[in-house]
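Structure file coords.cif (mmCIF, C-alpha atoms; chains and numbers go by the auth columns) is printed below.
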data_upload
loop_
_atom_site.group_PDB
_atom_site.id
_atom_site.type_symbol
_atom_site.label_atom_id
_atom_site.label_comp_id
_atom_site.label_asym_id
_atom_site.label_seq_id
_atom_site.Cartn_x
_atom_site.Cartn_y
_atom_site.Cartn_z
_atom_site.B_iso_or_equiv
_atom_site.auth_seq_id
_atom_site.auth_asym_id
ATOM 1 C CA MET A 1 0.000 0.000 0.000 0.00 667 A
ATOM 2 C CA ARG A 2 2.847 2.361 0.865 0.00 668 A
ATOM 3 C CA LYS A 3 4.611 1.796 -2.464 0.00 669 A
ATOM 4 C CA LEU A 4 1.405 2.507 -4.386 0.00 670 A
ATOM 5 C CA PHE A 5 0.924 5.797 -2.539 0.00 671 A
ATOM 6 C CA ILE A 6 4.496 6.931 -3.204 0.00 672 A
ATOM 7 C CA PHE A 7 4.279 5.920 -6.846 0.00 673 A
ATOM 8 C CA THR A 8 0.994 7.785 -7.202 0.00 674 A
ATOM 9 C CA PHE A 9 2.421 10.839 -5.456 0.00 675 A
ATOM 10 C CA SER A 10 5.556 10.655 -7.613 0.00 676 A
ATOM 11 C CA THR A 11 3.551 10.430 -10.819 0.00 677 A
ATOM 12 C CA PHE A 12 1.249 13.234 -9.723 0.00 678 A
ATOM 13 C CA SER A 13 4.127 15.539 -8.750 0.00 679 A
ATOM 14 C CA VAL A 14 5.959 15.002 -12.046 0.00 680 A
ATOM 15 C CA LEU A 15 2.763 15.649 -14.029 0.00 681 A
ATOM 16 C CA PHE A 16 1.976 18.701 -11.936 0.00 682 A
ATOM 17 C CA LEU A 17 5.469 20.128 -12.430 0.00 683 A
ATOM 18 C CA ALA A 18 5.241 19.504 -16.157 0.00 684 A
ATOM 19 C CA ALA A 19 1.881 21.261 -16.343 0.00 685 A
ATOM 20 C CA CYS A 20 3.259 24.279 -14.477 0.00 686 A
ATOM 21 C CA GLY A 21 5.969 24.775 -17.090 0.00 687 A
ATOM 22 C CA THR A 22 8.972 23.779 -15.014 0.00 688 A
ATOM 23 C CA SER A 23 12.245 23.011 -16.699 0.00 689 A
ATOM 24 C CA ALA A 24 13.398 19.476 -17.507 0.00 690 A
ATOM 25 C CA THR A 25 16.131 19.765 -14.854 0.00 691 A
ATOM 26 C CA GLU A 26 13.576 20.528 -12.136 0.00 692 A
ATOM 27 C CA GLN A 27 11.403 17.611 -13.299 0.00 693 A
ATOM 28 C CA LYS A 28 14.388 15.216 -13.137 0.00 694 A
ATOM 29 C CA ALA A 29 15.226 16.430 -9.624 0.00 695 A
ATOM 30 C CA ALA A 30 11.652 15.796 -8.466 0.00 696 A
ATOM 31 C CA THR A 31 11.677 12.329 -9.976 0.00 697 A
ATOM 32 C CA ALA A 32 15.082 11.498 -8.450 0.00 698 A
ATOM 33 C CA THR A 33 13.864 12.544 -5.008 0.00 699 A
ATOM 34 C CA THR A 34 10.789 10.316 -5.124 0.00 700 A
ATOM 35 C CA ASP A 35 12.825 7.411 -6.553 0.00 701 A
ATOM 36 C CA THR A 36 15.163 7.713 -3.578 0.00 702 A
ATOM 37 C CA VAL A 37 12.215 7.517 -1.172 0.00 703 A
ATOM 38 C CA VAL A 38 10.929 4.372 -2.889 0.00 704 A
ATOM 39 C CA SER A 39 14.413 2.786 -2.714 0.00 705 A
ATOM 40 C CA MET A 40 14.669 3.579 0.974 0.00 706 A
ATOM 41 C CA ILE A 41 11.350 1.872 1.696 0.00 707 A
ATOM 42 C CA ASP A 42 12.304 -1.214 -0.308 0.00 708 A
ATOM 43 C CA SER A 43 15.633 -1.521 1.529 0.00 709 A
ATOM 44 C CA THR A 44 13.942 -1.924 4.919 0.00 710 A
ATOM 45 C CA GLU A 45 13.158 -5.575 4.207 0.00 711 A
ATOM 46 C CA LYS A 46 15.104 -7.953 6.423 0.00 712 A
ATOM 47 C CA THR A 47 17.828 -9.909 4.628 0.00 713 A
ATOM 48 C CA TYR A 48 20.587 -12.203 5.871 0.00 714 A
ATOM 49 C CA ASP A 49 24.155 -12.811 4.762 0.00 715 A
ATOM 50 C CA VAL A 50 24.742 -16.171 3.055 0.00 716 A
ATOM 51 C CA LYS A 51 27.885 -16.689 5.165 0.00 717 A
ATOM 52 C CA LEU A 52 25.755 -16.939 8.308 0.00 718 A
ATOM 53 C CA VAL A 53 23.758 -20.011 7.269 0.00 719 A
ATOM 54 C CA ASP A 54 24.739 -23.671 7.035 0.00 720 A
ATOM 55 C CA ASN A 55 22.804 -24.595 3.884 0.00 721 A
ATOM 56 C CA LYS A 56 23.345 -24.022 0.169 0.00 722 A
ATOM 57 C CA LYS A 57 19.676 -24.358 -0.866 0.00 723 A
ATOM 58 C CA ASP A 58 16.305 -23.572 0.634 0.00 724 A
ATOM 59 C CA PRO A 59 15.268 -27.039 1.901 0.00 725 A
ATOM 60 C CA THR A 60 11.618 -26.466 0.976 0.00 726 A
ATOM 61 C CA CYS A 61 11.721 -25.073 -2.556 0.00 727 A
ATOM 62 C CA GLY A 62 15.349 -25.764 -3.565 0.00 728 A
ATOM 63 C CA MET A 63 16.212 -22.139 -4.377 0.00 729 A
ATOM 64 C CA PRO A 64 19.920 -21.341 -3.835 0.00 730 A
ATOM 65 C CA VAL A 65 20.449 -19.219 -0.722 0.00 731 A
ATOM 66 C CA THR A 66 22.749 -16.984 -2.770 0.00 732 A
ATOM 67 C CA ALA A 67 19.585 -15.642 -4.454 0.00 733 A
ATOM 68 C CA GLY A 68 18.483 -14.153 -1.142 0.00 734 A
ATOM 69 C CA ILE A 69 17.556 -15.132 2.387 0.00 735 A
ATOM 70 C CA SER A 70 14.584 -13.498 4.037 0.00 736 A
ATOM 71 C CA ASP A 71 14.141 -15.817 7.045 0.00 737 A
ATOM 72 C CA THR A 72 16.122 -18.310 9.105 0.00 738 A
ATOM 73 C CA ALA A 73 15.508 -21.199 11.483 0.00 739 A
ATOM 74 C CA HIS A 74 17.652 -23.250 13.833 0.00 740 A
ATOM 75 C CA TYR A 75 17.562 -27.023 13.390 0.00 741 A
ATOM 76 C CA GLU A 76 19.951 -29.567 14.959 0.00 742 A
ATOM 77 C CA ASN A 77 22.554 -26.909 15.846 0.00 743 A
ATOM 78 C CA LYS A 78 22.479 -25.511 12.308 0.00 744 A
ATOM 79 C CA VAL A 79 21.225 -22.169 11.053 0.00 745 A
ATOM 80 C CA LEU A 80 19.177 -22.641 7.901 0.00 746 A
ATOM 81 C CA GLY A 81 18.333 -19.872 5.454 0.00 747 A
ATOM 82 C CA PHE A 82 15.009 -19.678 3.619 0.00 748 A
ATOM 83 C CA CYS A 83 13.833 -17.582 0.688 0.00 749 A
ATOM 84 C CA SER A 84 10.597 -16.736 2.517 0.00 750 A
ATOM 85 C CA THR A 85 8.755 -17.164 5.789 0.00 751 A
ATOM 86 C CA GLU A 86 6.317 -19.473 4.001 0.00 752 A
ATOM 87 C CA CYS A 87 9.151 -21.850 3.051 0.00 753 A
ATOM 88 C CA LYS A 88 10.481 -21.783 6.618 0.00 754 A
ATOM 89 C CA ASN A 89 7.040 -22.586 8.040 0.00 755 A
ATOM 90 C CA GLU A 90 6.595 -25.446 5.572 0.00 756 A
ATOM 91 C CA PHE A 91 10.006 -26.845 6.521 0.00 757 A
ATOM 92 C CA LEU A 92 9.206 -26.701 10.231 0.00 758 A
ATOM 93 C CA LYS A 93 6.119 -28.876 9.718 0.00 759 A
ATOM 94 C CA ASN A 94 8.366 -31.851 8.851 0.00 760 A
ATOM 95 C CA PRO A 95 12.068 -30.933 9.058 0.00 761 A
ATOM 96 C CA LYS A 96 13.400 -34.504 8.922 0.00 762 A
ATOM 97 C CA ALA A 97 11.802 -35.056 5.522 0.00 763 A
ATOM 98 C CA ASN A 98 13.228 -31.833 4.055 0.00 764 A
ATOM 99 C CA ILE A 99 16.696 -31.464 5.589 0.00 765 A
ATOM 100 C CA ALA A 100 18.447 -33.483 2.856 0.00 766 A
ATOM 101 C CA ALA A 101 17.378 -30.927 0.237 0.00 767 A
ATOM 102 C CA ALA A 102 19.195 -28.174 2.156 0.00 768 A
ATOM 103 C CA GLU A 103 22.635 -29.329 0.942 0.00 769 A
ATOM 104 C CA LEU A 104 24.388 -28.531 4.199 0.00 770 A
ATOM 105 C CA LYS A 105 27.865 -26.997 3.940 0.00 771 A
#
Structure rendered as structure tokens:
Amino acid sequence: MRKLFIFTFSTFSVLFLAACGTSATEQKAATATTDTVVSMIDSTEKTYDVKLVDNKKDPTCGMPVTAGISDTAHYENKVLGFCSTECKNEFLKNPKANIAAAELK
């Protein structure tokens, strides 16, 4: 919802500035400012370093952890990285059945 509001505000402000006869430089500055705000909001998502986990692949879906880790879980003295909270929750339902797919380091 927040991204949609910022995008809408950004689009509106650029259109408004264009309608008021502002220069192209001023329009680019307005766009750059709103793009920075959007980037700052997107960067608040929690991510983990691949070096901190003991697996090479998400044990639920098989995605390589190098593509991104958004959640972790501890299992048998190991820290496992997951691409999403949904994958972590699915793993925790039956960890013994899924641990082999993790390709532990």
**Q.** Straight-line distance linking CA of Lys744 (chain A) with CA of Leu718 (chain A), stated in Å to one decimal
**A.** 10.0 Å
Q) Hey, what's within 12 Å of Asn755 (chain A) if we count only C-alpha atoms and toss same-chain stuff fewer than 4 positions away? As a ChimeraX atom specification, please? A) /A:724-727,737-739,747-751,759-761,764
Selection export as a PDB file, keeping the file's coordinate frame, atoms kept: C-alpha atoms:
ATOM      1  CA  ASP A 724      16.305 -23.572   0.634  1.00  0.00           C
ATOM      2  CA  PRO A 725      15.268 -27.039   1.901  1.00  0.00           C
ATOM      3  CA  THR A 726      11.618 -26.466   0.976  1.00  0.00           C
ATOM      4  CA  CYS A 727      11.721 -25.073  -2.556  1.00  0.00           C
ATOM      5  CA  ASP A 737      14.141 -15.817   7.045  1.00  0.00           C
ATOM      6  CA  THR A 738      16.122 -18.310   9.105  1.00  0.00           C
ATOM      7  CA  ALA A 739      15.508 -21.199  11.483  1.00  0.00           C
ATOM      8  CA  GLY A 747      18.333 -19.872   5.454  1.00  0.00           C
ATOM      9  CA  PHE A 748      15.009 -19.678   3.619  1.00  0.00           C
ATOM     10  CA  CYS A 749      13.833 -17.582   0.688  1.00  0.00           C
ATOM     11  CA  SER A 750      10.597 -16.736   2.517  1.00  0.00           C
ATOM     12  CA  THR A 751       8.755 -17.164   5.789  1.00  0.00           C
ATOM     13  CA  LYS A 759       6.119 -28.876   9.718  1.00  0.00           C
ATOM     14  CA  ASN A 760       8.366 -31.851   8.851  1.00  0.00           C
ATOM     15  CA  PRO A 761      12.068 -30.933   9.058  1.00  0.00           C
ATOM     16  CA  ASN A 764      13.228 -31.833   4.055  1.00  0.00           C
TER      17      ASN A 764
END
Q. Within 7 Å of Lys722 (chain A), counting only C-alpha atoms, which residues qualify if same-chain residues fewer than 4 places away don't, as a PyMOL selection string?
A. chain A and resi 730-731+768-771
Q.
Evaluate the PyMOL selection byres ((chain A and resi 714) around 7) against this structure - the residues, as a ChimeraX atom specification, please.
A. /A:712-713,715-716,735-736
Need the axis-aligned box for region 719-722 of chain A with 4 Å each side, so what are the centre and edges in Å to one decimal, as AutoDock Vina command-line options?
--center_x 23.8 --center_y -22.3 --center_z 3.7 --size_x 9.9 --size_y 12.6 --size_z 15.1
**Q.** Atomic distance CA of Ile765 (chain A) - CA of Gly734 (chain A), expressed in Å with one decimal
**A.**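 Rounded to one decimal, the two atoms are 18.7 Å apart.
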Q) Interatomic distance between CA of Val719 (chain A) and CA of Val745 (chain A)? A) 5.0 Å
Write region 718-742 of chain A as an mmCIF file, in the frame of the given file, completed to N, CA and C atoms.
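As a result, selection-v1.cif now contains:
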data_model
loop_
_atom_site.group_PDB
_atom_site.id
_atom_site.type_symbol
_atom_site.label_atom_id
_atom_site.label_comp_id
_atom_site.auth_asym_id
_atom_site.auth_seq_id
_atom_site.Cartn_x
_atom_site.Cartn_y
_atom_site.Cartn_z
ATOM 1 N N LEU A 718 26.258 -16.643 6.969
ATOM 2 C CA LEU A 718 25.755 -16.939 8.308
ATOM 3 C C LEU A 718 24.926 -18.209 8.388
ATOM 4 N N VAL A 719 24.604 -18.812 7.256
ATOM 5 C CA VAL A 719 23.758 -20.011 7.269
ATOM 6 C C VAL A 719 24.572 -21.245 6.884
ATOM 7 N N ASP A 720 24.038 -22.410 7.255
ATOM 8 C CA ASP A 720 24.739 -23.671 7.035
ATOM 9 C C ASP A 720 24.215 -24.465 5.850
ATOM 10 N N ASN A 721 23.355 -23.881 5.037
ATOM 11 C CA ASN A 721 22.804 -24.595 3.884
ATOM 12 C C ASN A 721 23.088 -23.847 2.594
ATOM 13 N N LYS A 722 23.123 -24.604 1.492
ATOM 14 C CA LYS A 722 23.345 -24.022 0.169
ATOM 15 C C LYS A 722 22.031 -23.739 -0.550
ATOM 16 N N LYS A 723 20.979 -24.503 -0.213
ATOM 17 C CA LYS A 723 19.676 -24.358 -0.866
ATOM 18 C C LYS A 723 18.572 -24.277 0.176
ATOM 19 N N ASP A 724 17.504 -23.587 -0.196
ATOM 20 C CA ASP A 724 16.305 -23.572 0.634
ATOM 21 C C ASP A 724 15.781 -25.010 0.659
ATOM 22 N N PRO A 725 15.677 -25.626 1.846
ATOM 23 C CA PRO A 725 15.268 -27.039 1.901
ATOM 24 C C PRO A 725 13.828 -27.296 1.464
ATOM 25 N N THR A 726 13.012 -26.275 1.368
ATOM 26 C CA THR A 726 11.618 -26.466 0.976
ATOM 27 C C THR A 726 11.433 -26.359 -0.532
ATOM 28 N N CYS A 727 11.957 -25.294 -1.128
ATOM 29 C CA CYS A 727 11.721 -25.073 -2.556
ATOM 30 C C CYS A 727 12.953 -25.333 -3.425
ATOM 31 N N GLY A 728 14.137 -25.465 -2.809
ATOM 32 C CA GLY A 728 15.349 -25.764 -3.565
ATOM 33 C C GLY A 728 16.062 -24.550 -4.139
ATOM 34 N N MET A 729 15.574 -23.347 -3.855
ATOM 35 C CA MET A 729 16.212 -22.139 -4.377
ATOM 36 C C MET A 729 17.571 -21.942 -3.702
ATOM 37 N N PRO A 730 18.614 -21.582 -4.457
ATOM 38 C CA PRO A 730 19.920 -21.341 -3.835
ATOM 39 C C PRO A 730 19.842 -20.167 -2.861
ATOM 40 N N VAL A 731 20.490 -20.301 -1.703
ATOM 41 C CA VAL A 731 20.449 -19.219 -0.722
ATOM 42 C C VAL A 731 21.195 -17.983 -1.214
ATOM 43 N N THR A 732 22.047 -18.136 -2.210
ATOM 44 C CA THR A 732 22.749 -16.984 -2.770
ATOM 45 C C THR A 732 21.781 -16.034 -3.481
ATOM 46 N N ALA A 733 20.588 -16.491 -3.813
ATOM 47 C CA ALA A 733 19.585 -15.642 -4.454
ATOM 48 C C ALA A 733 18.908 -14.722 -3.448
ATOM 49 N N GLY A 734 19.058 -15.011 -2.175
ATOM 50 C CA GLY A 734 18.483 -14.153 -1.142
ATOM 51 C C GLY A 734 17.860 -14.947 -0.019
ATOM 52 N N ILE A 735 18.098 -14.492 1.187
ATOM 53 C CA ILE A 735 17.556 -15.132 2.387
ATOM 54 C C ILE A 735 16.708 -14.108 3.114
ATOM 55 N N SER A 736 15.440 -14.437 3.323
ATOM 56 C CA SER A 736 14.584 -13.498 4.037
ATOM 57 C C SER A 736 14.138 -14.018 5.398
ATOM 58 N N ASP A 737 14.479 -15.279 5.728
ATOM 59 C CA ASP A 737 14.141 -15.817 7.045
ATOM 60 C C ASP A 737 15.096 -16.959 7.378
ATOM 61 N N THR A 738 15.240 -17.227 8.658
ATOM 62 C CA THR A 738 16.122 -18.310 9.105
ATOM 63 C C THR A 738 15.428 -19.134 10.178
ATOM 64 N N ALA A 739 15.987 -20.334 10.405
ATOM 65 C CA ALA A 739 15.508 -21.199 11.483
ATOM 66 C C ALA A 739 16.687 -22.012 11.994
ATOM 67 N N HIS A 740 16.628 -22.395 13.241
ATOM 68 C CA HIS A 740 17.652 -23.250 13.833
ATOM 69 C C HIS A 740 17.119 -24.674 13.854
ATOM 70 N N TYR A 741 17.951 -25.615 13.393
ATOM 71 C CA TYR A 741 17.562 -27.023 13.390
ATOM 72 C C TYR A 741 18.812 -27.858 13.596
ATOM 73 N N GLU A 742 18.825 -28.693 14.624
ATOM 74 C CA GLU A 742 19.951 -29.567 14.959
ATOM 75 C C GLU A 742 21.282 -28.808 14.942
#
